[in-house]
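**Q** Structure file final-v8.csv (CSV, C-alpha atoms) right here:
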chain,number,residue,atom,x,y,z
A,1,MET,CA,-19.5,-16.4,-144.9
A,2,ASP,CA,-22.9,-16.0,-143.5
A,3,ALA,CA,-22.8,-17.9,-140.3
A,4,ARG,CA,-26.0,-18.0,-138.5
A,5,LEU,CA,-26.7,-19.4,-135.1
A,6,PRO,CA,-29.1,-22.2,-135.0
A,7,ALA,CA,-32.6,-21.3,-134.1
A,8,ARG,CA,-33.5,-21.8,-130.5
A,9,PRO,CA,-36.0,-24.5,-129.9
A,10,PRO,CA,-39.4,-23.2,-129.0
A,11,ARG,CA,-40.0,-22.9,-125.2
A,12,PRO,CA,-42.4,-25.5,-123.9
A,13,ARG,CA,-45.7,-24.2,-122.8
A,14,ALA,CA,-46.0,-23.9,-119.1
A,15,ARG,CA,-48.3,-26.5,-117.6
A,16,ALA,CA,-51.3,-25.2,-115.8
A,17,PRO,CA,-50.8,-25.7,-112.0
A,18,VAL,CA,-52.7,-28.6,-110.5
A,19,ARG,CA,-55.0,-27.6,-107.7
A,20,LEU,CA,-54.8,-30.2,-105.1
A,21,PRO,CA,-57.7,-30.9,-102.7
A,22,PHE,CA,-55.7,-29.5,-99.8
A,23,ALA,CA,-54.7,-26.3,-101.6
A,24,ALA,CA,-53.1,-23.7,-99.3
A,25,SER,CA,-55.3,-20.9,-100.5
A,26,THR,CA,-56.8,-19.1,-97.5
A,27,ALA,CA,-60.1,-18.6,-99.4
A,28,THR,CA,-60.1,-22.3,-100.2
A,29,ARG,CA,-59.6,-23.3,-96.6
A,30,ARG,CA,-62.4,-21.0,-95.5
A,31,ALA,CA,-64.7,-22.4,-98.2
A,32,GLY,CA,-63.9,-26.1,-97.5
A,33,TRP,CA,-62.2,-29.0,-99.1
A,34,TRP,CA,-62.6,-28.6,-102.9
A,35,CYS,CA,-63.3,-31.4,-105.3
A,36,PRO,CA,-61.4,-31.4,-108.6
A,37,ARG,CA,-64.8,-31.7,-110.3
A,38,ASP,CA,-66.0,-28.4,-108.8
A,39,PRO,CA,-67.3,-26.0,-111.5
A,40,ARG,CA,-65.2,-23.3,-110.1
A,41,VAL,CA,-62.1,-25.4,-110.8
A,42,ASP,CA,-63.4,-26.7,-114.2
A,43,PRO,CA,-65.1,-23.8,-116.0
A,44,SER,CA,-66.4,-26.0,-118.7
A,45,GLY,CA,-68.8,-27.5,-116.2
A,46,ARG,CA,-68.4,-31.0,-117.6
A,47,GLY,CA,-67.2,-32.3,-114.3
A,48,ALA,CA,-69.6,-30.3,-112.2
A,49,CYS,CA,-70.2,-31.7,-108.7
A,50,ALA,CA,-73.8,-33.0,-108.4
A,51,PHE,CA,-73.9,-32.6,-104.6
A,52,ALA,CA,-76.2,-30.1,-102.9
A,53,SER,CA,-73.2,-28.0,-101.9
A,54,PRO,CA,-71.1,-27.6,-105.1
A,55,GLY,CA,-67.6,-27.0,-104.1
A,56,ARG,CA,-67.6,-29.6,-101.3
A,57,CYS,CA,-67.0,-33.2,-101.7
A,58,PRO,CA,-68.2,-35.6,-99.0
A,59,ARG,CA,-65.3,-38.0,-99.7
A,60,LEU,CA,-62.7,-35.2,-99.1
A,61,ALA,CA,-64.7,-33.9,-96.2
A,62,VAL,CA,-64.5,-37.3,-94.5
A,63,ALA,CA,-60.8,-37.5,-95.2
A,64,HIS,CA,-60.3,-34.1,-93.7
A,65,LEU,CA,-62.2,-35.0,-90.6
A,66,ASN,CA,-59.9,-38.0,-90.3
A,67,ARG,CA,-57.0,-35.6,-90.4
A,68,SER,CA,-54.9,-38.1,-92.4
A,69,PRO,CA,-52.8,-36.4,-95.1
A,70,ALA,CA,-51.9,-39.8,-96.5
A,71,SER,CA,-55.5,-40.6,-97.1
A,72,ASN,CA,-56.1,-37.2,-98.8
A,73,LEU,CA,-53.2,-38.0,-101.2
A,74,GLY,CA,-54.5,-41.5,-101.9
A,75,LEU,CA,-51.5,-43.1,-100.1
A,76,HIS,CA,-51.7,-46.0,-97.7
A,77,PRO,CA,-52.3,-44.7,-94.2
A,78,ARG,CA,-49.6,-45.2,-91.7
A,79,ARG,CA,-50.0,-48.3,-89.6
A,80,PRO,CA,-51.2,-47.3,-86.1
A,81,LEU,CA,-48.7,-47.8,-83.4
A,82,LEU,CA,-49.4,-50.5,-80.8
A,83,PRO,CA,-49.6,-49.4,-77.2
A,84,ARG,CA,-46.3,-49.8,-75.4
A,85,LEU,CA,-46.6,-52.3,-72.5
A,86,PRO,CA,-44.6,-51.8,-69.4
A,87,ALA,CA,-41.5,-53.8,-68.9
A,88,ALA,CA,-41.7,-57.0,-66.9
A,89,GLY,CA,-42.1,-56.4,-63.2
A,90,THR,CA,-43.4,-52.8,-63.7
A,91,ARG,CA,-46.6,-51.9,-62.0
A,92,THR,CA,-48.9,-49.0,-62.6
A,93,ARG,CA,-51.9,-47.2,-61.2
A,94,VAL,CA,-54.3,-44.6,-62.6
A,95,THR,CA,-53.9,-41.2,-61.0
A,96,GLY,CA,-56.5,-38.5,-60.7
A,97,ASP,CA,-54.6,-36.1,-63.0
A,98,GLU,CA,-55.0,-35.7,-66.7
A,99,SER,CA,-52.5,-35.1,-69.4
A,100,CYS,CA,-52.7,-32.3,-72.0
A,101,ASP,CA,-54.8,-34.5,-74.3
A,102,GLY,CA,-57.3,-35.5,-71.5
A,103,ARG,CA,-56.1,-39.0,-70.9
A,104,PRO,CA,-55.5,-40.2,-67.3
A,105,LEU,CA,-51.9,-40.2,-66.3
A,106,VAL,CA,-50.4,-43.5,-65.1
A,107,GLU,CA,-47.9,-43.6,-62.3
A,108,CYS,CA,-45.4,-46.4,-61.6
A,109,THR,CA,-46.0,-47.6,-58.1
A,110,GLY,CA,-44.9,-51.2,-57.7
A,111,ASP,CA,-48.3,-52.5,-56.5
A,112,ARG,CA,-50.3,-54.1,-59.2
A,113,SER,CA,-50.0,-54.8,-62.9
A,114,VAL,CA,-52.1,-53.4,-65.7
A,115,GLU,CA,-54.0,-56.7,-66.0
A,116,GLU,CA,-55.1,-56.4,-62.4
A,117,GLN,CA,-56.7,-53.0,-62.9
A,118,PRO,CA,-60.5,-53.3,-62.8
A,119,GLU,CA,-62.3,-52.5,-66.0
A,120,HIS,CA,-64.3,-49.7,-64.3
A,121,ALA,CA,-61.2,-48.1,-62.8
A,122,GLY,CA,-61.1,-44.5,-64.0
A,123,VAL,CA,-60.5,-41.0,-63.0
A,124,GLU,CA,-63.9,-40.6,-61.4
A,125,GLY,CA,-62.9,-42.1,-58.1
A,126,LYS,CA,-62.7,-45.8,-58.8
A,127,ALA,CA,-59.0,-45.7,-58.7
A,128,LEU,CA,-59.1,-44.3,-55.2
A,129,LYS,CA,-60.3,-47.7,-54.0
A,130,MET,CA,-56.6,-48.7,-54.3
A,131,SER,CA,-55.3,-45.8,-52.3
A,132,SER,CA,-55.5,-47.5,-48.9
A,133,THR,CA,-53.8,-50.7,-50.3
A,134,VAL,CA,-51.2,-49.2,-52.6
A,135,PRO,CA,-47.8,-49.6,-50.9
A,136,LYS,CA,-45.3,-46.7,-50.8
A,137,SER,CA,-43.5,-46.2,-54.1
A,138,SER,CA,-39.8,-47.2,-54.2
A,139,ASN,CA,-38.7,-44.1,-56.1
A,140,ILE,CA,-39.6,-41.4,-53.6
A,141,PHE,CA,-37.5,-39.9,-50.8
A,142,TRP,CA,-38.3,-38.0,-47.6
A,143,HIS,CA,-37.0,-34.4,-47.7
A,144,ASP,CA,-36.1,-32.9,-44.3
A,145,CYS,CA,-36.5,-29.2,-43.7
A,146,PRO,CA,-34.4,-27.1,-41.3
A,147,VAL,CA,-37.4,-26.1,-39.3
A,148,GLY,CA,-38.7,-29.1,-37.4
A,149,LYS,CA,-41.5,-30.0,-35.1
A,150,THR,CA,-39.5,-28.9,-32.0
A,151,ASP,CA,-38.9,-25.5,-33.5
A,152,ARG,CA,-42.6,-25.0,-34.2
A,153,GLN,CA,-43.5,-26.1,-30.7
A,154,LYS,CA,-41.2,-23.6,-29.2
A,155,LEU,CA,-42.7,-20.9,-31.3
A,156,LEU,CA,-46.2,-21.8,-30.3
A,157,LYS,CA,-45.3,-22.7,-26.7
A,158,GLN,CA,-47.2,-25.9,-26.8
A,159,LYS,CA,-46.8,-29.5,-28.0
A,160,GLY,CA,-48.6,-30.9,-31.0
A,161,CYS,CA,-50.9,-33.8,-30.4
A,162,VAL,CA,-54.1,-35.5,-31.7
A,163,VAL,CA,-57.3,-35.7,-29.5
A,164,TRP,CA,-59.3,-38.4,-31.2
A,165,ILE,CA,-63.0,-38.3,-30.1
A,166,THR,CA,-64.9,-41.4,-30.9
A,167,GLY,CA,-68.4,-42.6,-30.0
A,168,LEU,CA,-71.8,-43.4,-31.4
A,169,SER,CA,-73.7,-40.8,-33.5
A,170,GLY,CA,-75.4,-38.4,-31.1
A,171,SER,CA,-73.0,-39.0,-28.2
A,172,GLY,CA,-71.8,-35.4,-28.3
A,173,LYS,CA,-68.5,-35.7,-30.2
A,174,SER,CA,-68.9,-32.5,-32.3
A,175,THR,CA,-70.2,-30.6,-29.3
A,176,LEU,CA,-67.2,-31.6,-27.3
A,177,ALA,CA,-64.8,-30.9,-30.1
A,178,CYS,CA,-66.0,-27.3,-30.6
A,179,THR,CA,-66.2,-26.7,-26.9
A,180,LEU,CA,-62.7,-28.0,-26.4
A,181,GLY,CA,-61.4,-25.9,-29.3
A,182,ARG,CA,-63.0,-22.7,-27.8
A,183,GLU,CA,-61.5,-23.5,-24.4
A,184,LEU,CA,-58.0,-23.9,-25.8
A,185,HIS,CA,-58.4,-20.8,-27.9
A,186,THR,CA,-59.3,-18.9,-24.7
A,187,ARG,CA,-56.1,-20.1,-23.1
A,188,GLY,CA,-54.0,-18.9,-26.0
A,189,LYS,CA,-53.4,-22.3,-27.5
A,190,LEU,CA,-53.7,-23.1,-31.2
A,191,ALA,CA,-56.1,-26.0,-32.0
A,192,TYR,CA,-58.0,-27.1,-35.0
A,193,VAL,CA,-61.1,-29.3,-35.3
A,194,LEU,CA,-61.5,-32.1,-37.9
A,195,ASP,CA,-65.1,-32.9,-37.9
A,196,GLY,CA,-66.2,-36.1,-39.7
A,197,ASP,CA,-69.3,-34.6,-41.3
A,198,ASN,CA,-67.4,-31.5,-42.4
A,199,LEU,CA,-64.6,-33.5,-44.0
A,200,ARG,CA,-67.2,-35.4,-46.0
A,201,HIS,CA,-68.1,-32.2,-47.7
A,202,GLY,CA,-64.6,-31.9,-49.2
A,203,LEU,CA,-61.7,-34.2,-48.5
A,204,ASN,CA,-63.8,-37.3,-48.2
A,205,LYS,CA,-66.8,-36.4,-50.3
A,206,ASP,CA,-66.1,-39.3,-52.6
A,207,LEU,CA,-66.5,-41.9,-49.9
A,208,GLY,CA,-69.6,-43.7,-48.7
A,209,PHE,CA,-70.3,-45.7,-45.5
A,210,LYS,CA,-69.3,-49.1,-46.6
A,211,ALA,CA,-66.6,-50.8,-44.5
A,212,GLU,CA,-63.9,-50.1,-47.0
A,213,ASP,CA,-65.0,-46.5,-47.4
A,214,ARG,CA,-65.1,-46.0,-43.6
A,215,ALA,CA,-61.5,-47.4,-43.4
A,216,GLU,CA,-60.3,-45.1,-46.1
A,217,ASN,CA,-62.1,-42.2,-44.4
A,218,ILE,CA,-60.3,-42.8,-41.1
A,219,ARG,CA,-57.0,-43.3,-42.9
A,220,ARG,CA,-57.2,-39.9,-44.6
A,221,VAL,CA,-58.2,-38.1,-41.5
A,222,GLY,CA,-55.4,-39.8,-39.5
A,223,GLU,CA,-52.8,-38.6,-42.0
A,224,VAL,CA,-54.1,-35.1,-41.9
A,225,ALA,CA,-54.2,-35.1,-38.1
A,226,LYS,CA,-50.6,-36.3,-38.1
A,227,LEU,CA,-49.6,-33.2,-40.2
A,228,PHE,CA,-51.5,-30.9,-37.8
A,229,ALA,CA,-49.7,-32.4,-34.8
A,230,ASP,CA,-46.4,-32.1,-36.6
A,231,ALA,CA,-47.1,-28.5,-37.1
A,232,GLY,CA,-47.4,-28.1,-33.4
A,233,LEU,CA,-51.2,-27.8,-33.1
A,234,VAL,CA,-53.6,-29.6,-30.9
A,235,CYS,CA,-55.7,-31.4,-33.5
A,236,ILE,CA,-59.2,-32.4,-32.4
A,237,ALA,CA,-60.6,-35.2,-34.6
A,238,SER,CA,-64.3,-35.9,-34.1
A,239,LEU,CA,-65.5,-39.0,-35.9
A,240,ILE,CA,-67.6,-42.1,-35.1
A,241,SER,CA,-64.6,-44.2,-36.3
A,242,PRO,CA,-66.5,-47.4,-35.3
A,243,TYR,CA,-63.7,-49.9,-36.1
A,244,ARG,CA,-61.0,-50.5,-33.5
A,245,ARG,CA,-58.4,-51.5,-36.1
A,246,ASP,CA,-58.7,-48.2,-38.0
A,247,ARG,CA,-58.3,-46.2,-34.8
A,248,GLU,CA,-55.2,-48.2,-33.8
A,249,SER,CA,-53.8,-47.5,-37.3
A,250,CYS,CA,-54.1,-43.8,-36.7
A,251,ARG,CA,-52.5,-44.2,-33.3
A,252,ALA,CA,-49.5,-45.9,-34.9
A,253,LEU,CA,-48.9,-42.9,-37.2
A,254,LEU,CA,-47.9,-40.8,-34.2
A,255,SER,CA,-45.1,-41.4,-31.7
A,256,ASP,CA,-44.3,-40.3,-28.2
A,257,SER,CA,-47.8,-40.9,-26.9
A,258,SER,CA,-49.2,-37.8,-28.7
A,259,PHE,CA,-52.4,-39.7,-29.7
A,260,ILE,CA,-55.1,-39.1,-27.1
A,261,GLU,CA,-58.2,-41.3,-27.6
A,262,VAL,CA,-61.4,-39.9,-26.0
A,263,PHE,CA,-64.3,-42.3,-25.8
A,264,LEU,CA,-67.7,-40.9,-25.3
A,265,ASN,CA,-69.3,-43.9,-23.7
A,266,MET,CA,-73.0,-43.1,-24.1
A,267,SER,CA,-75.6,-45.8,-24.4
A,268,LEU,CA,-77.4,-46.4,-27.6
A,269,GLU,CA,-80.7,-45.6,-25.9
A,270,LEU,CA,-79.4,-42.2,-24.8
A,271,CYS,CA,-78.0,-41.4,-28.3
A,272,GLU,CA,-81.2,-42.6,-30.0
A,273,ALA,CA,-83.3,-40.5,-27.6
A,274,ARG,CA,-81.3,-37.4,-28.4
A,275,ASP,CA,-81.0,-38.1,-32.2
A,276,PRO,CA,-80.1,-34.5,-33.0
A,277,LYS,CA,-79.9,-35.2,-36.8
A,278,GLY,CA,-82.8,-37.5,-37.0
A,279,LEU,CA,-80.6,-40.3,-38.4
A,280,TYR,CA,-81.7,-43.0,-35.9
A,281,LYS,CA,-85.3,-42.5,-36.9
A,282,LEU,CA,-84.4,-43.0,-40.6
A,283,ALA,CA,-82.2,-46.0,-39.8
A,284,ARG,CA,-85.0,-47.6,-37.8
A,285,ALA,CA,-87.3,-47.0,-40.8
A,286,GLY,CA,-84.9,-48.8,-43.1
A,287,LYS,CA,-84.1,-45.6,-45.1
A,288,ILE,CA,-80.4,-45.7,-44.0
A,289,LYS,CA,-78.4,-48.8,-44.4
A,290,GLY,CA,-75.2,-49.6,-42.5
A,291,PHE,CA,-75.9,-47.2,-39.7
A,292,THR,CA,-73.6,-47.6,-36.7
A,293,GLY,CA,-75.3,-49.0,-33.7
A,294,ILE,CA,-78.3,-50.2,-35.7
A,295,ASP,CA,-77.2,-52.5,-38.4
A,296,ASP,CA,-73.5,-51.9,-38.3
A,297,PRO,CA,-71.3,-52.6,-35.2
A,298,TYR,CA,-69.4,-50.2,-33.1
A,299,GLU,CA,-66.2,-51.5,-31.5
A,300,ALA,CA,-65.5,-49.7,-28.2
A,301,PRO,CA,-61.9,-48.8,-27.3
A,302,LEU,CA,-60.0,-51.1,-25.0
A,303,ASN,CA,-57.3,-48.8,-23.7
A,304,CYS,CA,-58.4,-45.2,-24.3
A,305,GLU,CA,-56.7,-42.3,-22.5
A,306,ILE,CA,-60.0,-40.6,-21.5
A,307,GLU,CA,-63.4,-42.2,-21.1
A,308,ILE,CA,-66.5,-40.0,-20.5
A,309,LYS,CA,-69.6,-41.7,-19.3
A,310,GLU,CA,-73.2,-40.6,-19.0
A,311,VAL,CA,-74.4,-39.6,-15.6
A,312,ASP,CA,-77.8,-40.9,-14.5
A,313,GLY,CA,-78.8,-41.4,-18.1
A,314,VAL,CA,-77.8,-37.9,-19.1
A,315,CYS,CA,-74.8,-36.7,-21.1
A,316,PRO,CA,-72.5,-34.5,-19.0
A,317,PRO,CA,-72.4,-30.7,-19.9
A,318,PRO,CA,-70.0,-29.9,-22.8
A,319,ALA,CA,-67.9,-27.5,-20.6
A,320,GLU,CA,-67.4,-30.3,-18.0
A,321,MET,CA,-66.3,-32.8,-20.7
A,322,ALA,CA,-64.0,-30.2,-22.3
A,323,GLY,CA,-62.5,-29.4,-18.8
A,324,GLN,CA,-61.7,-33.1,-18.3
A,325,VAL,CA,-59.7,-33.2,-21.6
A,326,VAL,CA,-57.9,-29.9,-20.9
A,327,THR,CA,-56.9,-31.2,-17.5
A,328,TYR,CA,-55.4,-34.3,-19.1
A,329,LEU,CA,-53.5,-32.2,-21.7
A,330,GLU,CA,-52.1,-30.0,-19.0
A,331,GLU,CA,-50.9,-32.9,-16.9
A,332,LYS,CA,-49.2,-34.5,-19.9
A,333,GLY,CA,-47.4,-31.2,-20.7
A,334,PHE,CA,-49.1,-30.6,-24.1
A,335,LEU,CA,-50.1,-27.1,-23.2
A,336,HIS,CA,-46.6,-26.0,-22.2
A,337,GLU,CA,-43.4,-25.4,-24.2
Taking this structure as input, can you express it in the form of structure tokens?
**A**
Amino acid sequence: MDARLPARPPRPRARAPVRLPFAASTATRRAGWWCPRDPRVDPSGRGACAFASPGRCPRLAVAHLNRSPASNLGLHPRRPLLPRLPAAGTRTRVTGDESCDGRPLVECTGDRSVEEQPEHAGVEGKALKMSSTVPKSSNIFWHDCPVGKTDRQKLLKQKGCVVWITGLSGSGKSTLACTLGRELHTRGKLAYVLDGDNLRHGLNKDLGFKAEDRAENIRRVGEVAKLFADAGLVCIASLISPYRRDRESCRALLSDSSFIEVFLNMSLELCEARDPKGLYKLARAGKIKGFTGIDDPYEAPLNCEIEIKEVDGVCPPPAEMAGQVVTYLEEKGFLHE
């Protein structure tokens, strides 16, 4: 019996691979996004691309720029996610930092809602307008260190304090501050000068001379001065600080009477006659607006620790003024352990 196996059915011809627009070929990726009508894909040339750059299709190029694989495949694009709003009662503020994708970070602070943010608030300094009004966050905690202010004062053999020199422009504040710093250095005491103009070159370079900017300027300097005093240094702050309320706020930052207010009580006529920076002349000519003593008020201290007055219409010598401050510091025990 001739038993034969049935003939095997013919093997189906392999289908030619379909070249998709987003083919993984390295050469294809280097060349661009290919159109199925490209002559290099269709050798017959019947579907040749009529564009100036054969081998590139504007439609696919746009889809590639959109970086949407769903669009490239002809699928419906995924519906964009709506921004998540904070929960009820949550407050935010824009910080000066940026995330990895360049967007400003938002910090929960408990001060104002998103709706209350001004439209122009951004990273470029508009958000800092809130810095003096934003209350302390509720999710931060003070961390105590084993080495405290008393330990640092024993090491330096002095007591930290803030000598706050205030007065009109041209009254000699910077001169007194530098002279006082030199005198303390000669005595082996560690001091540091915070000059108002110098700070506006860095820490406060984003602030102007409007009332709110002046208040923020003094607030920042007061906080920095507090840190210097806590470190055990004699911090000498030299600023016009025209508003009494701002100076009192700085005084409230320090305890145990370590805030020494020095008022250089020089007349406007004397300061304008000296005019070492030429600012009074510009203010009188209307080229400077909001200049203290001309078109902006100066509120003299009511209960300052040290008041230095002019003598016969002349400002006292810097060494004499510095000696008066050093004497006060010695009497109050700031220059001793």
**Q** So which residues touch Leu227 of chain A within 12 Å, counting all atoms listed in the file, skipping near sequence neighbours fewer than 3 positions away, as a PDB file with C-alpha atoms, in the frame of the given file?
**A**
ATOM      1  CA  GLY A 148     -38.700 -29.100 -37.400  1.00  0.00           C
ATOM      2  CA  LYS A 149     -41.500 -30.000 -35.100  1.00  0.00           C
ATOM      3  CA  GLY A 160     -48.600 -30.900 -31.000  1.00  0.00           C
ATOM      4  CA  CYS A 161     -50.900 -33.800 -30.400  1.00  0.00           C
ATOM      5  CA  VAL A 162     -54.100 -35.500 -31.700  1.00  0.00           C
ATOM      6  CA  TYR A 192     -58.000 -27.100 -35.000  1.00  0.00           C
ATOM      7  CA  ARG A 220     -57.200 -39.900 -44.600  1.00  0.00           C
ATOM      8  CA  VAL A 221     -58.200 -38.100 -41.500  1.00  0.00           C
ATOM      9  CA  GLY A 222     -55.400 -39.800 -39.500  1.00  0.00           C
ATOM     10  CA  GLU A 223     -52.800 -38.600 -42.000  1.00  0.00           C
ATOM     11  CA  VAL A 224     -54.100 -35.100 -41.900  1.00  0.00           C
ATOM     12  CA  ASP A 230     -46.400 -32.100 -36.600  1.00  0.00           C
ATOM     13  CA  ALA A 231     -47.100 -28.500 -37.100  1.00  0.00           C
ATOM     14  CA  GLY A 232     -47.400 -28.100 -33.400  1.00  0.00           C
ATOM     15  CA  LEU A 233     -51.200 -27.800 -33.100  1.00  0.00           C
ATOM     16  CA  VAL A 234     -53.600 -29.600 -30.900  1.00  0.00           C
ATOM     17  CA  CYS A 235     -55.700 -31.400 -33.500  1.00  0.00           C
ATOM     18  CA  LEU A 253     -48.900 -42.900 -37.200  1.00  0.00           C
ATOM     19  CA  LEU A 254     -47.900 -40.800 -34.200  1.00  0.00           C
TER      20      LEU A 254
END
**Q** Quick one, how far is atom CA of Glu320 of chain A from atom CA of Arg187 of chain A?
**A**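 It comes out at 16.1 Å.
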**Q** To one decimal place, how far is atom CA of Ala319 of chain A from atom CA of Thr179 of chain A in Å?
**A**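 If I compute the distance from atom CA of Ala319 of chain A to atom CA of Thr179 of chain A, I get 6.6 Å.
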**Q** For Val325 of chain A, which of A:Glu310, A:Asp295, A:Glu183, A:Glu248 is the closest residue, counting all atoms listed in the file?
**A** A:Glu183
**Q** For a test of reading the model, state the distance in Å between atom CA of Arg284 of chain A and atom CA of Leu239 of chain A, rounded to one decimal.
**A**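 Atom CA of Leu239 of chain A lies at a distance of 21.4 Å from atom CA of Arg284 of chain A.
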**Q** I want to know what sits within 12 Å of Ser267 of chain A, based on only C-alpha atoms, with residues of the same chain fewer than 3 positions away left out; could you give that as a PyMOL selection string?
**A** chain A and resi 167-172+263-264+270-274+293+298+300+308-315
**Q** Those selected residues, please, written with C-alpha atoms and delivered as a PDB file, in the coordinates of the input.
**A**
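Okay, part.pdb is ready:
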ATOM      1  CA  GLY A 167     -68.400 -42.600 -30.000  1.00  0.00           C
ATOM      2  CA  LEU A 168     -71.800 -43.400 -31.400  1.00  0.00           C
ATOM      3  CA  SER A 169     -73.700 -40.800 -33.500  1.00  0.00           C
ATOM      4  CA  GLY A 170     -75.400 -38.400 -31.100  1.00  0.00           C
ATOM      5  CA  SER A 171     -73.000 -39.000 -28.200  1.00  0.00           C
ATOM      6  CA  GLY A 172     -71.800 -35.400 -28.300  1.00  0.00           C
ATOM      7  CA  PHE A 263     -64.300 -42.300 -25.800  1.00  0.00           C
ATOM      8  CA  LEU A 264     -67.700 -40.900 -25.300  1.00  0.00           C
ATOM      9  CA  LEU A 270     -79.400 -42.200 -24.800  1.00  0.00           C
ATOM     10  CA  CYS A 271     -78.000 -41.400 -28.300  1.00  0.00           C
ATOM     11  CA  GLU A 272     -81.200 -42.600 -30.000  1.00  0.00           C
ATOM     12  CA  ALA A 273     -83.300 -40.500 -27.600  1.00  0.00           C
ATOM     13  CA  ARG A 274     -81.300 -37.400 -28.400  1.00  0.00           C
ATOM     14  CA  GLY A 293     -75.300 -49.000 -33.700  1.00  0.00           C
ATOM     15  CA  TYR A 298     -69.400 -50.200 -33.100  1.00  0.00           C
ATOM     16  CA  ALA A 300     -65.500 -49.700 -28.200  1.00  0.00           C
ATOM     17  CA  ILE A 308     -66.500 -40.000 -20.500  1.00  0.00           C
ATOM     18  CA  LYS A 309     -69.600 -41.700 -19.300  1.00  0.00           C
ATOM     19  CA  GLU A 310     -73.200 -40.600 -19.000  1.00  0.00           C
ATOM     20  CA  VAL A 311     -74.400 -39.600 -15.600  1.00  0.00           C
ATOM     21  CA  ASP A 312     -77.800 -40.900 -14.500  1.00  0.00           C
ATOM     22  CA  GLY A 313     -78.800 -41.400 -18.100  1.00  0.00           C
ATOM     23  CA  VAL A 314     -77.800 -37.900 -19.100  1.00  0.00           C
ATOM     24  CA  CYS A 315     -74.800 -36.700 -21.100  1.00  0.00           C
TER      25      CYS A 315
END
**Q** A:Gln324, A:Ser138, A:Ser241, A:Ser249: which is nearest Asp296 of chain A, counting all atoms listed in the file?
**A**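 Once distances to Asp296 of chain A are computed over all atoms listed in the file, the minimum belongs to A:Ser241.
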**Q** For a cut-off of 9 Å around (-63.7, -26.6, -24.4), file coordinates, pick out all residues using only C-alpha atoms and list them as a list in words.
**A**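 Answer for this query, in the requested form: Leu176, Ala177, Cys178, Thr179, Leu180, Gly181, Arg182, Glu183, Leu184, His185, Thr186, Pro318, Ala319, Glu320, Met321, Ala322, Gly323, Val325 and Val326 of chain A.
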**Q** Skipping near chain neighbours, those fewer than 3 positions away, what residues fall within 10 Å of Val262 of chain A using all atoms listed in the file, listed as a list in words?
**A**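 Neighbouring residues, sequence-local ones excluded: Val163, Trp164, Ile165, Thr166, Gly167, Lys173, Ala237, Ser238, Phe259, Asn265, Pro301, Cys304, Glu305, Ile306, Glu307, Ile308 and Val325 of chain A.
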